[in-house]
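One file, target-v5.cif, is given below (mmCIF, N, CA and C atoms and all ligand atoms; chains and numbers go by the auth columns).
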data_model
#
loop_
_atom_site.group_PDB
_atom_site.id
_atom_site.type_symbol
_atom_site.label_atom_id
_atom_site.label_comp_id
_atom_site.label_asym_id
_atom_site.label_seq_id
_atom_site.Cartn_x
_atom_site.Cartn_y
_atom_site.Cartn_z
_atom_site.B_iso_or_equiv
_atom_site.auth_seq_id
_atom_site.auth_asym_id
ATOM 1 N N MET A 1 -15.603 12.692 -0.024 0.00 1 Z
ATOM 2 C CA MET A 1 -14.751 12.906 1.132 0.00 1 Z
ATOM 3 C C MET A 1 -13.329 13.158 0.665 0.00 1 Z
ATOM 4 N N ARG A 2 -12.720 14.179 1.178 0.00 2 Z
ATOM 5 C CA ARG A 2 -11.357 14.509 0.819 0.00 2 Z
ATOM 6 C C ARG A 2 -10.411 13.544 1.535 0.00 2 Z
ATOM 7 N N THR A 3 -9.471 13.016 0.822 0.00 3 Z
ATOM 8 C CA THR A 3 -8.515 12.096 1.417 0.00 3 Z
ATOM 9 C C THR A 3 -7.094 12.601 1.181 0.00 3 Z
ATOM 10 N N PRO A 4 -6.246 12.529 2.187 0.00 4 Z
ATOM 11 C CA PRO A 4 -4.888 13.070 2.052 0.00 4 Z
ATOM 12 C C PRO A 4 -4.000 12.258 1.121 0.00 4 Z
ATOM 13 N N VAL A 5 -4.419 11.075 0.719 0.00 5 Z
ATOM 14 C CA VAL A 5 -3.558 10.260 -0.134 0.00 5 Z
ATOM 15 C C VAL A 5 -4.049 10.252 -1.577 0.00 5 Z
ATOM 16 N N ARG A 6 -4.876 11.245 -1.958 0.00 6 Z
ATOM 17 C CA ARG A 6 -5.495 11.181 -3.270 0.00 6 Z
ATOM 18 C C ARG A 6 -4.479 11.224 -4.410 0.00 6 Z
ATOM 19 N N ASP A 7 -3.336 11.889 -4.214 0.00 7 Z
ATOM 20 C CA ASP A 7 -2.358 11.980 -5.278 0.00 7 Z
ATOM 21 C C ASP A 7 -1.468 10.743 -5.366 0.00 7 Z
ATOM 22 N N HIS A 8 -1.179 10.184 -4.225 0.00 8 Z
ATOM 23 C CA HIS A 8 -0.295 9.018 -4.198 0.00 8 Z
ATOM 24 C C HIS A 8 -1.150 7.776 -3.992 0.00 8 Z
ATOM 25 N N VAL A 9 -1.937 7.471 -4.981 0.00 9 Z
ATOM 26 C CA VAL A 9 -2.838 6.322 -4.919 0.00 9 Z
ATOM 27 C C VAL A 9 -2.411 5.311 -5.977 0.00 9 Z
ATOM 28 N N PRO A 10 -2.755 4.049 -5.744 0.00 10 Z
ATOM 29 C CA PRO A 10 -2.335 3.019 -6.689 0.00 10 Z
ATOM 30 C C PRO A 10 -3.135 3.046 -7.981 0.00 10 Z
ATOM 31 N N SER A 11 -2.432 2.787 -9.065 0.00 11 Z
ATOM 32 C CA SER A 11 -3.063 2.604 -10.359 0.00 11 Z
ATOM 33 C C SER A 11 -3.233 1.103 -10.574 0.00 11 Z
ATOM 34 N N ARG A 12 -4.445 0.706 -10.838 0.00 12 Z
ATOM 35 C CA ARG A 12 -4.693 -0.732 -11.006 0.00 12 Z
ATOM 36 C C ARG A 12 -4.792 -1.085 -12.483 0.00 12 Z
ATOM 37 N N PRO A 13 -4.354 -2.281 -12.871 0.00 13 Z
ATOM 38 C CA PRO A 13 -3.961 -3.394 -11.993 0.00 13 Z
ATOM 39 C C PRO A 13 -2.456 -3.462 -11.720 0.00 13 Z
ATOM 40 N N THR A 14 -1.702 -2.451 -12.105 0.00 14 Z
ATOM 41 C CA THR A 14 -0.251 -2.546 -11.919 0.00 14 Z
ATOM 42 C C THR A 14 0.185 -2.217 -10.501 0.00 14 Z
ATOM 43 N N TRP A 15 -0.657 -1.484 -9.754 0.00 15 Z
ATOM 44 C CA TRP A 15 -0.342 -1.086 -8.381 0.00 15 Z
ATOM 45 C C TRP A 15 0.922 -0.252 -8.324 0.00 15 Z
ATOM 46 N N ARG A 16 1.050 0.630 -9.317 0.00 16 Z
ATOM 47 C CA ARG A 16 2.090 1.652 -9.250 0.00 16 Z
ATOM 48 C C ARG A 16 1.417 2.952 -8.838 0.00 16 Z
ATOM 49 N N CYS A 17 2.191 3.832 -8.173 0.00 17 Z
ATOM 50 C CA CYS A 17 1.639 5.096 -7.699 0.00 17 Z
ATOM 51 C C CYS A 17 1.280 5.980 -8.897 0.00 17 Z
ATOM 52 N N ARG A 18 0.090 6.585 -8.838 0.00 18 Z
ATOM 53 C CA ARG A 18 -0.324 7.470 -9.932 0.00 18 Z
ATOM 54 C C ARG A 18 0.529 8.730 -9.973 0.00 18 Z
ATOM 55 N N ALA A 19 1.051 9.152 -8.830 0.00 19 Z
ATOM 56 C CA ALA A 19 1.856 10.376 -8.780 0.00 19 Z
ATOM 57 C C ALA A 19 3.319 10.097 -9.097 0.00 19 Z
ATOM 58 N N CYS A 20 3.887 9.036 -8.521 0.00 20 Z
ATOM 59 C CA CYS A 20 5.320 8.745 -8.645 0.00 20 Z
ATOM 60 C C CYS A 20 5.636 7.788 -9.783 0.00 20 Z
ATOM 61 N N GLY A 21 4.738 6.877 -10.061 0.00 21 Z
ATOM 62 C CA GLY A 21 4.997 5.861 -11.068 0.00 21 Z
ATOM 63 C C GLY A 21 5.793 4.682 -10.543 0.00 21 Z
ATOM 64 N N ILE A 22 6.124 4.703 -9.249 0.00 22 Z
ATOM 65 C CA ILE A 22 6.859 3.580 -8.672 0.00 22 Z
ATOM 66 C C ILE A 22 5.884 2.651 -7.955 0.00 22 Z
ATOM 67 N N ALA A 23 6.423 1.537 -7.483 0.00 23 Z
ATOM 68 C CA ALA A 23 5.591 0.553 -6.794 0.00 23 Z
ATOM 69 C C ALA A 23 4.897 1.196 -5.598 0.00 23 Z
ATOM 70 N N TRP A 24 3.552 1.034 -5.541 0.00 24 Z
ATOM 71 C CA TRP A 24 2.774 1.579 -4.434 0.00 24 Z
ATOM 72 C C TRP A 24 2.722 0.564 -3.291 0.00 24 Z
ATOM 73 N N PRO A 25 2.789 0.972 -2.031 0.00 25 Z
ATOM 74 C CA PRO A 25 2.843 2.354 -1.547 0.00 25 Z
ATOM 75 C C PRO A 25 4.249 2.954 -1.617 0.00 25 Z
ATOM 76 N N CYS A 26 4.362 4.101 -2.239 0.00 26 Z
ATOM 77 C CA CYS A 26 5.613 4.847 -2.300 0.00 26 Z
ATOM 78 C C CYS A 26 5.852 5.495 -0.931 0.00 26 Z
ATOM 79 N N SER A 27 7.013 6.094 -0.766 0.00 27 Z
ATOM 80 C CA SER A 27 7.313 6.731 0.532 0.00 27 Z
ATOM 81 C C SER A 27 6.312 7.822 0.895 0.00 27 Z
ATOM 82 N N PRO A 28 5.941 8.734 -0.040 0.00 28 Z
ATOM 83 C CA PRO A 28 4.925 9.734 0.319 0.00 28 Z
ATOM 84 C C PRO A 28 3.605 9.089 0.726 0.00 28 Z
ATOM 85 N N ALA A 29 3.217 8.025 0.050 0.00 29 Z
ATOM 86 C CA ALA A 29 1.962 7.353 0.399 0.00 29 Z
ATOM 87 C C ALA A 29 2.041 6.762 1.802 0.00 29 Z
ATOM 88 N N LYS A 30 3.192 6.167 2.132 0.00 30 Z
ATOM 89 C CA LYS A 30 3.357 5.588 3.474 0.00 30 Z
ATOM 90 C C LYS A 30 3.265 6.672 4.540 0.00 30 Z
ATOM 91 N N LEU A 31 3.932 7.802 4.287 0.00 31 Z
ATOM 92 C CA LEU A 31 3.891 8.893 5.268 0.00 31 Z
ATOM 93 C C LEU A 31 2.473 9.426 5.437 0.00 31 Z
ATOM 94 N N LEU A 32 1.768 9.577 4.336 0.00 32 Z
ATOM 95 C CA LEU A 32 0.404 10.079 4.408 0.00 32 Z
ATOM 96 C C LEU A 32 -0.522 9.073 5.104 0.00 32 Z
ATOM 97 N N LEU A 33 -0.307 7.794 4.827 0.00 33 Z
ATOM 98 C CA LEU A 33 -1.128 6.770 5.485 0.00 33 Z
ATOM 99 C C LEU A 33 -0.852 6.744 6.987 0.00 33 Z
ATOM 100 N N LEU A 34 0.426 6.870 7.363 0.00 34 Z
ATOM 101 C CA LEU A 34 0.756 6.879 8.789 0.00 34 Z
ATOM 102 C C LEU A 34 0.127 8.083 9.477 0.00 34 Z
ATOM 103 N N ALA A 35 0.108 9.222 8.799 0.00 35 Z
ATOM 104 C CA ALA A 35 -0.506 10.419 9.382 0.00 35 Z
ATOM 105 C C ALA A 35 -2.012 10.244 9.485 0.00 35 Z
ATOM 106 N N ARG A 36 -2.582 9.693 8.435 0.00 36 Z
ATOM 107 C CA ARG A 36 -4.032 9.520 8.407 0.00 36 Z
ATOM 108 C C ARG A 36 -4.513 8.548 9.476 0.00 36 Z
ATOM 109 N N TYR A 37 -3.710 7.511 9.725 0.00 37 Z
ATOM 110 C CA TYR A 37 -4.100 6.475 10.693 0.00 37 Z
ATOM 111 C C TYR A 37 -3.347 6.615 12.007 0.00 37 Z
ATOM 112 N N ARG A 38 -2.841 7.802 12.296 0.00 38 Z
ATOM 113 C CA ARG A 38 -2.113 8.016 13.546 0.00 38 Z
ATOM 114 C C ARG A 38 -2.970 7.573 14.721 0.00 38 Z
ATOM 115 N N GLY A 39 -2.380 6.731 15.559 0.00 39 Z
ATOM 116 C CA GLY A 39 -3.111 6.233 16.722 0.00 39 Z
ATOM 117 C C GLY A 39 -4.058 5.093 16.401 0.00 39 Z
ATOM 118 N N ASP A 40 -4.059 4.665 15.151 0.00 40 Z
ATOM 119 C CA ASP A 40 -4.952 3.566 14.740 0.00 40 Z
ATOM 120 C C ASP A 40 -4.208 2.636 13.797 0.00 40 Z
ATOM 121 N N MET A 41 -3.077 2.089 14.270 0.00 41 Z
ATOM 122 C CA MET A 41 -2.302 1.178 13.428 0.00 41 Z
ATOM 123 C C MET A 41 -3.097 -0.080 13.067 0.00 41 Z
ATOM 124 N N PRO A 42 -3.946 -0.592 13.985 0.00 42 Z
ATOM 125 C CA PRO A 42 -4.781 -1.733 13.561 0.00 42 Z
ATOM 126 C C PRO A 42 -5.679 -1.366 12.371 0.00 42 Z
ATOM 127 N N GLY A 43 -6.218 -0.148 12.391 0.00 43 Z
ATOM 128 C CA GLY A 43 -7.049 0.296 11.274 0.00 43 Z
ATOM 129 C C GLY A 43 -6.255 0.392 9.993 0.00 43 Z
ATOM 130 N N LEU A 44 -5.025 0.897 10.098 0.00 44 Z
ATOM 131 C CA LEU A 44 -4.163 0.977 8.916 0.00 44 Z
ATOM 132 C C LEU A 44 -3.853 -0.418 8.392 0.00 44 Z
ATOM 133 N N MET A 45 -3.586 -1.345 9.319 0.00 45 Z
ATOM 134 C CA MET A 45 -3.268 -2.705 8.896 0.00 45 Z
ATOM 135 C C MET A 45 -4.460 -3.341 8.190 0.00 45 Z
ATOM 136 N N VAL A 46 -5.650 -3.133 8.696 0.00 46 Z
ATOM 137 C CA VAL A 46 -6.847 -3.680 8.040 0.00 46 Z
ATOM 138 C C VAL A 46 -6.974 -3.096 6.629 0.00 46 Z
ATOM 139 N N HIS A 47 -6.756 -1.790 6.518 0.00 47 Z
ATOM 140 C CA HIS A 47 -6.829 -1.118 5.219 0.00 47 Z
ATOM 141 C C HIS A 47 -5.819 -1.728 4.248 0.00 47 Z
ATOM 142 N N LEU A 48 -4.573 -1.917 4.712 0.00 48 Z
ATOM 143 C CA LEU A 48 -3.522 -2.414 3.836 0.00 48 Z
ATOM 144 C C LEU A 48 -3.712 -3.887 3.480 0.00 48 Z
ATOM 145 N N VAL A 49 -4.209 -4.661 4.423 0.00 49 Z
ATOM 146 C CA VAL A 49 -4.465 -6.076 4.134 0.00 49 Z
ATOM 147 C C VAL A 49 -5.558 -6.188 3.066 0.00 49 Z
ATOM 148 N N THR A 50 -6.556 -5.313 3.165 0.00 50 Z
ATOM 149 C CA THR A 50 -7.615 -5.302 2.152 0.00 50 Z
ATOM 150 C C THR A 50 -7.028 -4.984 0.779 0.00 50 Z
ATOM 151 N N LEU A 51 -6.165 -3.968 0.729 0.00 51 Z
ATOM 152 C CA LEU A 51 -5.546 -3.604 -0.546 0.00 51 Z
ATOM 153 C C LEU A 51 -4.625 -4.712 -1.050 0.00 51 Z
ATOM 154 N N ARG A 52 -3.925 -5.349 -0.121 0.00 52 Z
ATOM 155 C CA ARG A 52 -3.035 -6.443 -0.504 0.00 52 Z
ATOM 156 C C ARG A 52 -3.825 -7.569 -1.164 0.00 52 Z
ATOM 157 N N GLU A 53 -4.976 -7.869 -0.601 0.00 53 Z
ATOM 158 C CA GLU A 53 -5.812 -8.920 -1.179 0.00 53 Z
ATOM 159 C C GLU A 53 -6.347 -8.490 -2.546 0.00 53 Z
ATOM 160 N N GLU A 54 -6.680 -7.210 -2.679 0.00 54 Z
ATOM 161 C CA GLU A 54 -7.136 -6.703 -3.980 0.00 54 Z
ATOM 162 C C GLU A 54 -6.004 -6.781 -5.002 0.00 54 Z
ATOM 163 N N ALA A 55 -4.787 -6.486 -4.562 0.00 55 Z
ATOM 164 C CA ALA A 55 -3.631 -6.578 -5.461 0.00 55 Z
ATOM 165 C C ALA A 55 -3.429 -8.026 -5.910 0.00 55 Z
ATOM 166 N N ALA A 56 -3.579 -8.951 -4.991 0.00 56 Z
ATOM 167 C CA ALA A 56 -3.448 -10.362 -5.333 0.00 56 Z
ATOM 168 C C ALA A 56 -4.524 -10.759 -6.339 0.00 56 Z
ATOM 169 N N ALA A 57 -5.730 -10.254 -6.139 0.00 57 Z
ATOM 170 C CA ALA A 57 -6.833 -10.565 -7.049 0.00 57 Z
ATOM 171 C C ALA A 57 -6.601 -9.945 -8.423 0.00 57 Z
ATOM 172 N N ASP A 58 -5.858 -8.847 -8.472 0.00 58 Z
ATOM 173 C CA ASP A 58 -5.527 -8.202 -9.741 0.00 58 Z
ATOM 174 C C ASP A 58 -4.367 -8.900 -10.451 0.00 58 Z
ATOM 175 N N ARG A 59 -3.954 -10.025 -9.906 0.00 59 Z
ATOM 176 C CA ARG A 59 -2.787 -10.731 -10.446 0.00 59 Z
ATOM 177 C C ARG A 59 -1.598 -9.780 -10.513 0.00 59 Z
ATOM 178 N N PHE A 60 -1.435 -9.091 -9.422 0.00 60 Z
ATOM 179 C CA PHE A 60 -0.377 -8.116 -9.257 0.00 60 Z
ATOM 180 C C PHE A 60 0.988 -8.638 -9.720 0.00 60 Z
ATOM 181 N N ALA A 61 1.272 -9.901 -9.403 0.00 61 Z
ATOM 182 C CA ALA A 61 2.603 -10.444 -9.651 0.00 61 Z
ATOM 183 C C ALA A 61 2.969 -10.473 -11.131 0.00 61 Z
ATOM 184 N N GLN A 62 1.975 -10.541 -11.997 0.00 62 Z
ATOM 185 C CA GLN A 62 2.302 -10.619 -13.427 0.00 62 Z
ATOM 186 C C GLN A 62 2.952 -9.331 -13.929 0.00 62 Z
ATOM 187 N N HIS A 63 2.791 -8.243 -13.176 0.00 63 Z
ATOM 188 C CA HIS A 63 3.399 -6.978 -13.574 0.00 63 Z
ATOM 189 C C HIS A 63 4.806 -6.818 -13.009 0.00 63 Z
ATOM 190 N N TYR A 64 5.214 -7.775 -12.174 0.00 64 Z
ATOM 191 C CA TYR A 64 6.527 -7.703 -11.543 0.00 64 Z
ATOM 192 C C TYR A 64 7.209 -9.051 -11.701 0.00 64 Z
ATOM 193 N N PRO A 65 7.925 -9.255 -12.810 0.00 65 Z
ATOM 194 C CA PRO A 65 8.574 -10.547 -13.057 0.00 65 Z
ATOM 195 C C PRO A 65 9.459 -10.964 -11.889 0.00 65 Z
ATOM 196 N N GLY A 66 9.313 -12.205 -11.495 0.00 66 Z
ATOM 197 C CA GLY A 66 10.107 -12.718 -10.398 0.00 66 Z
ATOM 198 C C GLY A 66 9.512 -12.457 -9.035 0.00 66 Z
ATOM 199 N N ALA A 67 8.360 -11.774 -8.983 0.00 67 Z
ATOM 200 C CA ALA A 67 7.742 -11.472 -7.692 0.00 67 Z
ATOM 201 C C ALA A 67 7.282 -12.760 -7.015 0.00 67 Z
ATOM 202 N N GLN A 68 7.460 -12.793 -5.702 0.00 68 Z
ATOM 203 C CA GLN A 68 7.045 -13.934 -4.899 0.00 68 Z
ATOM 204 C C GLN A 68 5.855 -13.525 -4.033 0.00 68 Z
ATOM 205 N N PRO A 69 5.048 -14.503 -3.603 0.00 69 Z
ATOM 206 C CA PRO A 69 3.910 -14.159 -2.734 0.00 69 Z
ATOM 207 C C PRO A 69 4.329 -13.357 -1.509 0.00 69 Z
ATOM 208 N N ALA A 70 5.498 -13.657 -0.949 0.00 70 Z
ATOM 209 C CA ALA A 70 5.941 -12.922 0.243 0.00 70 Z
ATOM 210 C C ALA A 70 6.205 -11.453 -0.075 0.00 70 Z
ATOM 211 N N ASP A 71 6.468 -11.152 -1.345 0.00 71 Z
ATOM 212 C CA ASP A 71 6.717 -9.762 -1.722 0.00 71 Z
ATOM 213 C C ASP A 71 5.488 -8.893 -1.445 0.00 71 Z
ATOM 214 N N LEU A 72 4.311 -9.461 -1.619 0.00 72 Z
ATOM 215 C CA LEU A 72 3.084 -8.707 -1.338 0.00 72 Z
ATOM 216 C C LEU A 72 3.036 -8.301 0.126 0.00 72 Z
ATOM 217 N N HIS A 73 3.389 -9.224 0.998 0.00 73 Z
ATOM 218 C CA HIS A 73 3.389 -8.921 2.433 0.00 73 Z
ATOM 219 C C HIS A 73 4.400 -7.818 2.726 0.00 73 Z
ATOM 220 N N ARG A 74 5.619 -7.974 2.217 0.00 74 Z
ATOM 221 C CA ARG A 74 6.659 -6.967 2.480 0.00 74 Z
ATOM 222 C C ARG A 74 6.226 -5.603 1.964 0.00 74 Z
ATOM 223 N N ARG A 75 5.681 -5.592 0.781 0.00 75 Z
ATOM 224 C CA ARG A 75 5.365 -4.323 0.135 0.00 75 Z
ATOM 225 C C ARG A 75 4.169 -3.612 0.774 0.00 75 Z
ATOM 226 N N PHE A 76 3.143 -4.359 1.101 0.00 76 Z
ATOM 227 C CA PHE A 76 1.906 -3.733 1.561 0.00 76 Z
ATOM 228 C C PHE A 76 1.804 -3.578 3.069 0.00 76 Z
ATOM 229 N N THR A 77 2.357 -4.515 3.826 0.00 77 Z
ATOM 230 C CA THR A 77 2.075 -4.477 5.268 0.00 77 Z
ATOM 231 C C THR A 77 3.300 -4.546 6.164 0.00 77 Z
ATOM 232 N N ASP A 78 4.441 -5.007 5.666 0.00 78 Z
ATOM 233 C CA ASP A 78 5.582 -5.236 6.543 0.00 78 Z
ATOM 234 C C ASP A 78 6.202 -3.945 7.071 0.00 78 Z
ATOM 235 N N TRP A 79 5.908 -2.825 6.458 0.00 79 Z
ATOM 236 C CA TRP A 79 6.519 -1.550 6.856 0.00 79 Z
ATOM 237 C C TRP A 79 5.747 -0.856 7.976 0.00 79 Z
ATOM 238 N N VAL A 80 4.579 -1.347 8.313 0.00 80 Z
ATOM 239 C CA VAL A 80 3.750 -0.688 9.326 0.00 80 Z
ATOM 240 C C VAL A 80 4.329 -0.946 10.714 0.00 80 Z
ATOM 241 N N PRO A 81 4.552 0.098 11.503 0.00 81 Z
ATOM 242 C CA PRO A 81 5.054 -0.123 12.863 0.00 81 Z
ATOM 243 C C PRO A 81 4.045 -0.895 13.700 0.00 81 Z
ATOM 244 N N ILE A 82 4.545 -1.820 14.506 0.00 82 Z
ATOM 245 C CA ILE A 82 3.670 -2.662 15.321 0.00 82 Z
ATOM 246 C C ILE A 82 2.917 -1.814 16.348 0.00 82 Z
ATOM 247 N N ARG A 83 3.636 -0.871 16.948 0.00 83 Z
ATOM 248 C CA ARG A 83 3.034 -0.027 17.969 0.00 83 Z
ATOM 249 C C ARG A 83 2.866 1.384 17.423 0.00 83 Z
ATOM 250 N N SER A 84 1.867 2.070 17.920 0.00 84 Z
ATOM 251 C CA SER A 84 1.680 3.452 17.544 0.00 84 Z
ATOM 252 C C SER A 84 2.834 4.273 18.117 0.00 84 Z
ATOM 253 N N PRO A 85 3.317 5.257 17.369 0.00 85 Z
ATOM 254 C CA PRO A 85 4.418 6.092 17.868 0.00 85 Z
ATOM 255 C C PRO A 85 4.009 6.897 19.087 0.00 85 Z
HETATM 256 ZN ZN ZN B . 3.672 8.204 -4.923 0.00 101 C
#

Mind converting the file's structure to C-alpha cells?
Amino acid sequence: MRTPVRDHVPSRPTWRCRACGIAWPCSPAKLLLLARYRGDMPGLMVHLVTLREEAAADRFAQHYPGAQPADLHRRFTDWVPIRSP
C-alpha cells in the first residue's frame, strides 16, 4: 500500500526522520499525517499513541540526553489539534 509519509518516516531506534534526520515527527511528517488523517483526528491520535509506545519500548530517551517522559507526549501527540479543522 502506498503511503504519503513514506519518505518522512522514523528511523528506529533513534526515532529520527529518515528524510530530514531530525527528531520525528518532523514538520513535513506532521503535515502529511494531518492530510492523511483529515477528518479522523481520533484515528491519528491512536496511530501516534501506538508509535509513542513503540518509541518508549525502543528506549527512545537514551538517544536524547536529558529527555523526560513528558517529552514523548509533547513530541508525538501534543501537536495534534483536538478538533478536526
Ligand atoms: Zn522529515

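Around ligand ZN 101 (chain C), the neighbouring residues within 12 Å, taking only C-alpha atoms and all ligand atoms, come to Val5, Arg6, Asp7, His8, Val9, Pro10, Ser11, Trp15, Arg16, Cys17, Arg18, Ala19, Cys20, Gly21, Ile22, Ala23, Trp24, Pro25, Cys26, Ser27, Pro28, Ala29, Lys30, Leu31, Leu32 and Leu33 of chain Z.
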
Any chance you could export the current selection's N, CA and C atoms as a JSON list (two decimals), in the coordinates of the input?
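So the final result, stored in out_9.json, reads:
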[["chain", "number", "residue", "atom", "x", "y", "z"],
["Z", 5, "VAL", "N", -4.42, 11.08, 0.72],
["Z", 5, "VAL", "CA", -3.56, 10.26, -0.13],
["Z", 5, "VAL", "C", -4.05, 10.25, -1.58],
["Z", 6, "ARG", "N", -4.88, 11.24, -1.96],
["Z", 6, "ARG", "CA", -5.50, 11.18, -3.27],
["Z", 6, "ARG", "C", -4.48, 11.22, -4.41],
["Z", 7, "ASP", "N", -3.34, 11.89, -4.21],
["Z", 7, "ASP", "CA", -2.36, 11.98, -5.28],
["Z", 7, "ASP", "C", -1.47, 10.74, -5.37],
["Z", 8, "HIS", "N", -1.18, 10.18, -4.22],
["Z", 8, "HIS", "CA", -0.30, 9.02, -4.20],
["Z", 8, "HIS", "C", -1.15, 7.78, -3.99],
["Z", 9, "VAL", "N", -1.94, 7.47, -4.98],
["Z", 9, "VAL", "CA", -2.84, 6.32, -4.92],
["Z", 9, "VAL", "C", -2.41, 5.31, -5.98],
["Z", 10, "PRO", "N", -2.76, 4.05, -5.74],
["Z", 10, "PRO", "CA", -2.34, 3.02, -6.69],
["Z", 10, "PRO", "C", -3.14, 3.05, -7.98],
["Z", 11, "SER", "N", -2.43, 2.79, -9.06],
["Z", 11, "SER", "CA", -3.06, 2.60, -10.36],
["Z", 11, "SER", "C", -3.23, 1.10, -10.57],
["Z", 15, "TRP", "N", -0.66, -1.48, -9.75],
["Z", 15, "TRP", "CA", -0.34, -1.09, -8.38],
["Z", 15, "TRP", "C", 0.92, -0.25, -8.32],
["Z", 16, "ARG", "N", 1.05, 0.63, -9.32],
["Z", 16, "ARG", "CA", 2.09, 1.65, -9.25],
["Z", 16, "ARG", "C", 1.42, 2.95, -8.84],
["Z", 17, "CYS", "N", 2.19, 3.83, -8.17],
["Z", 17, "CYS", "CA", 1.64, 5.10, -7.70],
["Z", 17, "CYS", "C", 1.28, 5.98, -8.90],
["Z", 18, "ARG", "N", 0.09, 6.58, -8.84],
["Z", 18, "ARG", "CA", -0.32, 7.47, -9.93],
["Z", 18, "ARG", "C", 0.53, 8.73, -9.97],
["Z", 19, "ALA", "N", 1.05, 9.15, -8.83],
["Z", 19, "ALA", "CA", 1.86, 10.38, -8.78],
["Z", 19, "ALA", "C", 3.32, 10.10, -9.10],
["Z", 20, "CYS", "N", 3.89, 9.04, -8.52],
["Z", 20, "CYS", "CA", 5.32, 8.74, -8.64],
["Z", 20, "CYS", "C", 5.64, 7.79, -9.78],
["Z", 21, "GLY", "N", 4.74, 6.88, -10.06],
["Z", 21, "GLY", "CA", 5.00, 5.86, -11.07],
["Z", 21, "GLY", "C", 5.79, 4.68, -10.54],
["Z", 22, "ILE", "N", 6.12, 4.70, -9.25],
["Z", 22, "ILE", "CA", 6.86, 3.58, -8.67],
["Z", 22, "ILE", "C", 5.88, 2.65, -7.96],
["Z", 23, "ALA", "N", 6.42, 1.54, -7.48],
["Z", 23, "ALA", "CA", 5.59, 0.55, -6.79],
["Z", 23, "ALA", "C", 4.90, 1.20, -5.60],
["Z", 24, "TRP", "N", 3.55, 1.03, -5.54],
["Z", 24, "TRP", "CA", 2.77, 1.58, -4.43],
["Z", 24, "TRP", "C", 2.72, 0.56, -3.29],
["Z", 25, "PRO", "N", 2.79, 0.97, -2.03],
["Z", 25, "PRO", "CA", 2.84, 2.35, -1.55],
["Z", 25, "PRO", "C", 4.25, 2.95, -1.62],
["Z", 26, "CYS", "N", 4.36, 4.10, -2.24],
["Z", 26, "CYS", "CA", 5.61, 4.85, -2.30],
["Z", 26, "CYS", "C", 5.85, 5.50, -0.93],
["Z", 27, "SER", "N", 7.01, 6.09, -0.77],
["Z", 27, "SER", "CA", 7.31, 6.73, 0.53],
["Z", 27, "SER", "C", 6.31, 7.82, 0.90],
["Z", 28, "PRO", "N", 5.94, 8.73, -0.04],
["Z", 28, "PRO", "CA", 4.92, 9.73, 0.32],
["Z", 28, "PRO", "C", 3.60, 9.09, 0.73],
["Z", 29, "ALA", "N", 3.22, 8.02, 0.05],
["Z", 29, "ALA", "CA", 1.96, 7.35, 0.40],
["Z", 29, "ALA", "C", 2.04, 6.76, 1.80],
["Z", 30, "LYS", "N", 3.19, 6.17, 2.13],
["Z", 30, "LYS", "CA", 3.36, 5.59, 3.47],
["Z", 30, "LYS", "C", 3.26, 6.67, 4.54],
["Z", 31, "LEU", "N", 3.93, 7.80, 4.29],
["Z", 31, "LEU", "CA", 3.89, 8.89, 5.27],
["Z", 31, "LEU", "C", 2.47, 9.43, 5.44],
["Z", 32, "LEU", "N", 1.77, 9.58, 4.34],
["Z", 32, "LEU", "CA", 0.40, 10.08, 4.41],
["Z", 32, "LEU", "C", -0.52, 9.07, 5.10],
["Z", 33, "LEU", "N", -0.31, 7.79, 4.83],
["Z", 33, "LEU", "CA", -1.13, 6.77, 5.48],
["Z", 33, "LEU", "C", -0.85, 6.74, 6.99]]

Which neighbours of Leu44 in chain Z fall inside 8 Å, counting all atoms listed in the file, when residues of the same chain fewer than 4 positions from it are skipped, and could you give them as JSON, numbers by chain? {"Z": [33, 34, 36, 37, 38, 39, 40, 48, 49, 50, 77, 80]}

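Distance-wise, CA of Pro42 in chain Z and atom N of Ala57 in chain Z end up 21.5 Å apart.
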
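With distances restricted to only N, CA and C atoms, Z:His63 is the closest residue to Pro13 in chain Z from Z:His63, Z:Val46, Z:Ala35, Z:Leu51.
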
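When atom C of Arg12 in chain Z is paired with atom N of Asp58 in chain Z, their separation reads 8.8 Å.
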
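CA of Arg59 in chain Z to CA of His47 in chain Z spans 18.8 Å [interatomic distance, one decimal].
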
Report as a count of residues only: the residues of range 13-80 of chain Z with a DSSP assignment of alpha helix (DSSP H), based on the backbone of this structure. 35

Emit as AutoDock Vina command-line options the padded axis-aligned box for all listed atoms of range 16-25 of chain Z, 6 Å per side, with centre and edge lengths in Å to one decimal.
--center_x 3.3 --center_y 5.5 --center_z -6.3 --size_x 19.2 --size_y 21.8 --size_z 21.5

Just list the residues in chain Z DSSP gives strand (DSSP E or B) on the backbone, as a VMD selection string. chain Z and resid 10 to 11 16 to 17 23

Any chance you could export the current selection's N, CA and C atoms as a short mmCIF file (atom, residue, chain, number, x, y, z; two decimals), keeping the file's coordinate frame?
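See again.cif below for the written result:
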data_model
loop_
_atom_site.label_atom_id
_atom_site.label_comp_id
_atom_site.auth_asym_id
_atom_site.auth_seq_id
_atom_site.Cartn_x
_atom_site.Cartn_y
_atom_site.Cartn_z
N PRO Z 10 -2.76 4.05 -5.74
CA PRO Z 10 -2.34 3.02 -6.69
C PRO Z 10 -3.14 3.05 -7.98
N SER Z 11 -2.43 2.79 -9.06
CA SER Z 11 -3.06 2.60 -10.36
C SER Z 11 -3.23 1.10 -10.57
N ARG Z 16 1.05 0.63 -9.32
CA ARG Z 16 2.09 1.65 -9.25
C ARG Z 16 1.42 2.95 -8.84
N CYS Z 17 2.19 3.83 -8.17
CA CYS Z 17 1.64 5.10 -7.70
C CYS Z 17 1.28 5.98 -8.90
N ALA Z 23 6.42 1.54 -7.48
CA ALA Z 23 5.59 0.55 -6.79
C ALA Z 23 4.90 1.20 -5.60
#
